[in-house]
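K.L.:
Just one file: query.csv, with CSV, C-alpha atoms.
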chain,number,residue,atom,x,y,z
A,4,MET,CA,-39.2,-115.2,16.9
A,5,THR,CA,-35.4,-115.8,16.8
A,6,ASN,CA,-34.3,-112.3,18.0
A,7,LEU,CA,-32.1,-113.8,20.8
A,8,ARG,CA,-28.7,-112.2,21.4
A,9,GLN,CA,-26.5,-112.5,24.4
A,10,ASP,CA,-23.8,-109.9,23.4
A,11,ALA,CA,-23.2,-106.5,25.0
A,12,TRP,CA,-24.9,-103.4,23.8
A,13,THR,CA,-22.9,-100.9,21.8
A,14,LYS,CA,-23.1,-97.1,22.1
A,15,GLU,CA,-24.7,-97.0,18.6
A,16,GLU,CA,-27.4,-99.5,19.7
A,17,ASP,CA,-28.0,-97.4,22.9
A,18,ALA,CA,-28.4,-94.3,20.7
A,19,ILE,CA,-30.9,-96.1,18.4
A,20,LEU,CA,-32.9,-97.3,21.4
A,21,ALA,CA,-33.0,-93.8,22.8
A,22,GLU,CA,-33.9,-92.0,19.6
A,23,VAL,CA,-36.7,-94.4,18.7
A,24,THR,CA,-38.2,-94.5,22.2
A,25,LEU,CA,-38.1,-90.6,22.4
A,26,ARG,CA,-39.8,-90.4,19.0
A,27,HIS,CA,-42.6,-92.7,20.1
A,28,ILE,CA,-43.0,-90.7,23.3
A,29,ARG,CA,-43.2,-87.4,21.3
A,30,GLU,CA,-45.7,-88.9,18.8
A,31,GLY,CA,-48.0,-90.3,21.6
A,32,SER,CA,-47.2,-93.9,20.9
A,33,THR,CA,-46.2,-96.4,23.7
A,34,GLN,CA,-42.7,-97.4,24.7
A,35,LEU,CA,-43.7,-101.0,24.1
A,36,VAL,CA,-44.2,-100.2,20.4
A,37,ALA,CA,-40.8,-98.5,20.4
A,38,PHE,CA,-39.1,-101.5,22.0
A,39,GLU,CA,-40.7,-103.7,19.3
A,40,GLU,CA,-39.4,-101.4,16.6
A,41,VAL,CA,-35.9,-101.3,18.1
A,42,GLY,CA,-35.9,-105.1,18.6
A,43,GLU,CA,-36.6,-105.6,14.9
A,44,LYS,CA,-33.8,-103.1,13.9
A,45,LEU,CA,-31.2,-104.6,16.3
A,46,THR,CA,-32.4,-108.2,16.2
A,47,ARG,CA,-33.0,-108.2,19.9
A,48,THR,CA,-36.2,-109.0,21.9
A,49,PRO,CA,-38.5,-106.2,22.8
A,50,ALA,CA,-38.1,-107.3,26.4
A,51,ALA,CA,-34.3,-106.9,26.2
A,52,CYS,CA,-34.8,-103.4,24.7
A,53,GLY,CA,-37.2,-102.5,27.5
A,54,PHE,CA,-34.9,-103.8,30.1
A,55,ARG,CA,-32.0,-101.9,28.7
A,56,TRP,CA,-34.1,-98.7,28.5
A,57,ASN,CA,-35.5,-98.9,32.0
A,58,SER,CA,-32.3,-100.1,33.7
A,59,LEU,CA,-29.7,-97.8,32.1
A,60,ILE,CA,-30.6,-95.6,29.2
A,61,ARG,CA,-33.7,-93.8,30.6
A,62,LYS,CA,-31.6,-92.2,33.4
A,63,GLN,CA,-29.3,-90.6,30.8
A,64,TYR,CA,-32.2,-89.0,28.9
A,65,ASP,CA,-34.4,-87.5,31.7
A,66,LYS,CA,-34.4,-84.0,30.1
A,67,ALA,CA,-35.1,-85.4,26.7
A,68,ILE,CA,-38.0,-87.5,28.0
A,69,THR,CA,-39.5,-84.4,29.8
A,70,GLU,CA,-39.2,-82.4,26.5
A,71,ALA,CA,-40.7,-85.3,24.5
A,72,LYS,CA,-43.7,-85.4,26.9
A,73,LYS,CA,-44.2,-81.6,26.5
A,74,VAL,CA,-44.2,-82.0,22.7
A,75,ARG,CA,-46.7,-84.8,23.0
A,76,LYS,CA,-48.9,-82.7,25.3
A,77,GLU,CA,-48.9,-79.7,22.9
A,78,ARG,CA,-49.6,-82.0,19.9
A,79,ASN,CA,-52.6,-83.5,21.7
A,80,LYS,CA,-53.8,-80.0,22.6
A,81,ARG,CA,-53.6,-79.0,19.0
A,82,LYS,CA,-55.5,-82.1,17.9
A,83,VAL,CA,-58.3,-81.4,20.4
A,84,LYS,CA,-58.5,-77.8,19.3
A,85,GLN,CA,-58.6,-78.8,15.7
A,86,PHE,CA,-61.3,-81.4,16.4
A,87,ALA,CA,-63.4,-78.8,18.4
A,88,SER,CA,-62.9,-76.3,15.6
A,89,THR,CA,-64.1,-78.8,13.0
A,90,ILE,CA,-67.2,-79.6,15.1
A,91,GLU,CA,-67.9,-75.9,15.5
A,92,ASN,CA,-67.6,-75.3,11.8
A,93,HIS,CA,-70.0,-78.1,11.1
A,94,LYS,CA,-72.5,-76.7,13.6
A,95,GLU,CA,-72.2,-73.2,12.2
A,96,GLU,CA,-72.6,-74.5,8.6
A,97,LEU,CA,-75.7,-76.5,9.6
A,98,LEU,CA,-77.2,-73.6,11.5
A,99,HIS,CA,-76.6,-71.3,8.6
A,100,ARG,CA,-78.1,-73.8,6.2
A,101,GLU,CA,-81.2,-74.4,8.4
A,102,HIS,CA,-81.6,-70.7,9.1
A,103,SER,CA,-81.4,-69.9,5.3
A,104,ASN,CA,-84.0,-72.6,4.6
A,105,ALA,CA,-86.3,-71.2,7.3
A,106,LEU,CA,-86.0,-67.7,5.9
A,107,LYS,CA,-86.7,-68.8,2.4
A,108,ASN,CA,-89.8,-70.7,3.5
A,109,ASP,CA,-90.8,-67.9,5.9
A,110,THR,CA,-91.9,-70.6,8.3
A,111,PRO,CA,-90.7,-71.0,11.8
A,112,LEU,CA,-88.7,-74.1,12.7
A,113,SER,CA,-90.8,-76.9,13.9
A,114,LEU,CA,-89.7,-79.5,16.5
A,115,ASN,CA,-89.2,-82.0,13.7
A,116,ASP,CA,-86.9,-79.6,11.9
A,117,ILE,CA,-84.8,-79.2,15.1
A,118,ILE,CA,-84.7,-82.9,15.6
A,119,LEU,CA,-83.6,-83.5,12.0
A,120,PHE,CA,-81.0,-80.8,12.4
A,121,LEU,CA,-79.6,-82.4,15.6
A,122,GLN,CA,-79.6,-85.9,13.9
A,123,GLN,CA,-77.7,-84.5,10.9
A,124,LEU,CA,-75.3,-82.8,13.3
A,125,GLN,CA,-74.7,-86.0,15.2
A,126,ALA,CA,-74.2,-88.0,11.9
A,127,GLU,CA,-71.7,-85.4,10.6
A,128,THR,CA,-69.6,-85.3,13.7
A,129,PRO,CA,-66.4,-86.7,12.4
A,130,GLY,CA,-64.7,-89.5,14.2
A,131,SER,CA,-66.8,-89.8,17.3
A,132,LYS,CA,-67.6,-93.4,16.6
A,133,ASN,CA,-63.9,-94.0,15.7
A,134,LEU,CA,-62.8,-92.4,19.0
A,135,GLU,CA,-65.2,-94.6,21.0
A,136,ALA,CA,-63.9,-97.7,19.2
A,137,GLU,CA,-60.3,-96.6,19.7
A,138,ASN,CA,-61.0,-95.9,23.4
A,139,LYS,CA,-62.5,-99.3,23.8
A,140,ALA,CA,-59.6,-101.0,22.1
A,141,LEU,CA,-57.1,-99.1,24.2
A,142,LEU,CA,-58.9,-100.0,27.4
A,143,LEU,CA,-58.9,-103.6,26.4
A,144,LYS,CA,-55.2,-103.4,25.5
A,145,LEU,CA,-54.5,-101.7,28.9
A,146,GLN,CA,-56.4,-104.5,30.7
A,147,ASN,CA,-54.3,-107.1,28.8
A,148,LEU,CA,-51.1,-105.3,29.6
A,149,LYS,CA,-52.0,-105.1,33.3
A,150,LYS,CA,-52.7,-108.9,33.3
A,151,GLU,CA,-49.4,-109.5,31.5
A,152,ASN,CA,-47.6,-107.2,34.0
A,153,GLY,CA,-49.1,-109.2,36.9
A,154,ASN,CA,-47.9,-112.5,35.3
A,155,LEU,CA,-44.5,-111.1,34.7
A,156,LYS,CA,-44.2,-109.9,38.3
A,157,SER,CA,-45.2,-113.3,39.6
A,158,LYS,CA,-42.6,-115.0,37.3
A,159,LEU,CA,-39.9,-112.6,38.4
A,160,SER,CA,-40.7,-113.3,42.0
A,161,LYS,CA,-40.5,-117.0,41.4
A,162,VAL,CA,-37.2,-116.6,39.5
A,163,ASN,CA,-35.8,-114.4,42.3
A,164,LYS,CA,-36.7,-117.0,44.9
A,165,GLU,CA,-35.1,-119.8,42.8
A,166,TYR,CA,-32.0,-117.6,42.4
A,167,GLU,CA,-31.8,-117.0,46.2
A,168,THR,CA,-32.0,-120.8,46.8
A,169,VAL,CA,-29.3,-121.6,44.2
A,170,TYR,CA,-27.1,-118.8,45.7
A,171,ARG,CA,-27.5,-120.1,49.2
A,172,ASP,CA,-26.7,-123.7,48.0
A,173,TYR,CA,-23.6,-122.3,46.1
A,174,LYS,CA,-22.4,-120.6,49.3
A,175,ASP,CA,-22.9,-123.8,51.3
A,176,VAL,CA,-21.0,-125.8,48.7
A,177,LEU,CA,-18.1,-123.3,48.9
A,178,GLN,CA,-18.0,-123.6,52.7
A,179,ILE,CA,-18.0,-127.4,52.5
A,180,MET,CA,-15.2,-127.3,50.0
A,181,ASP,CA,-13.2,-124.8,52.1
A,182,ARG,CA,-13.6,-127.0,55.2
A,183,ALA,CA,-12.5,-130.1,53.2
A,184,ARG,CA,-9.5,-128.2,51.8
A,185,LYS,CA,-8.5,-127.2,55.4
A,186,LEU,CA,-8.9,-130.9,56.5
A,187,VAL,CA,-6.7,-132.1,53.7
A,188,GLU,CA,-4.0,-129.5,54.4
A,189,VAL,CA,-2.7,-131.2,57.6
A,190,PRO,CA,0.8,-129.9,58.3
A,191,VAL,CA,3.5,-132.4,57.6
A,192,ARG,CA,5.5,-133.4,60.7
A,193,ASN,CA,9.2,-134.2,60.5
Using structure tokens, write down the structure that the file contains.
P.N.:
Amino acid sequence: MTNLRQDAWTKEEDAILAEVTLRHIREGSTQLVAFEEVGEKLTRTPAACGFRWNSLIRKQYDKAITEAKKVRKERNKRKVKQFASTIENHKEELLHREHSNALKNDTPLSLNDIILFLQQLQAETPGSKNLEAENKALLLKLQNLKKENGNLKSKLSKVNKEYETVYRDYKDVLQIMDRARKLVEVPVRN
């Protein structure tokens, strides 16, 4: 990965970062995915994009972020309603089919018929297995991200400590140089 740039961010790059990140929030994706997308577009690292977003750009888009989260919430509600409606339609269709078959045969439903009906209903429930698999994958990803976050926090702490040490040493060197300069600047006597 050679997306390493050291130059300053332009207003256009900030706008791209904001637009892509807000789109991902609205669509229910993660900001990490947004930073990866922006990084590819701007030839910057996802970490640089995330840092820029969290340190500066995010503050400028508070209202837009709130609105994007509302859109995402409404979108998720519609998906849940649609999924529930699909399940309800399948239930009604199966009940109607079983009821019609029972009326045609003029025989009451047996326990086996009910079990068969429930098994068919379970088999025809769309996406339940997919949702379980997706949930497991997301939980695993969350676990990995928490681990990575912990690692990054410890690295940041280490870098901060090293920085403080270097900064103190730098200040000490400046003081020594200042004392040496004062010693050399002995007034000339006539």
K.L.:
Can you measure CA of Asn115 (chain A) to CA of His93 (chain A) for me? One decimal in Å is fine.
P.N.:
19.8 Å
K.L.:
Counting only C-alpha atoms, which residue out of A:Arg29, A:Thr89, A:Ser113, A:Val36 sits closest to Lys72 (chain A)?
P.N.:
A:Arg29
K.L.:
Using only C-alpha atoms, can you list as a CSV table (one decimal) with C-alpha atoms, keeping the file's coordinate frame the residues within 8 Å of (-37.9, -107.8, 22.9)?
P.N.:
chain,number,residue,atom,x,y,z
A,6,ASN,CA,-34.3,-112.3,18.0
A,38,PHE,CA,-39.1,-101.5,22.0
A,39,GLU,CA,-40.7,-103.7,19.3
A,42,GLY,CA,-35.9,-105.1,18.6
A,47,ARG,CA,-33.0,-108.2,19.9
A,48,THR,CA,-36.2,-109.0,21.9
A,49,PRO,CA,-38.5,-106.2,22.8
A,50,ALA,CA,-38.1,-107.3,26.4
A,51,ALA,CA,-34.3,-106.9,26.2
A,52,CYS,CA,-34.8,-103.4,24.7
A,53,GLY,CA,-37.2,-102.5,27.5
K.L.:
Using all atoms listed in the file, find the one residue out of A:Glu91, A:Glu30, A:Glu188, A:Glu96 that sits nearest to Glu70 (chain A).
P.N.:
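Of A:Glu91, A:Glu30, A:Glu188, A:Glu96, the one nearest Glu70 (chain A) is A:Glu30, counting all atoms listed in the file.
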K.L.:
What does the distance between CA of Asp172 (chain A) and CA of Arg184 (chain A) come to in Å, to one decimal place?
P.N.:
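Result for CA of Asp172 (chain A) versus CA of Arg184 (chain A): 18.2 Å, one decimal.
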K.L.:
Can you work out the spacing between CA of Lys149 (chain A) and CA of Lys82 (chain A) in Å, to one decimal?
P.N.:
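Taking CA of Lys149 (chain A) and CA of Lys82 (chain A), their separation equals 27.9 Å.
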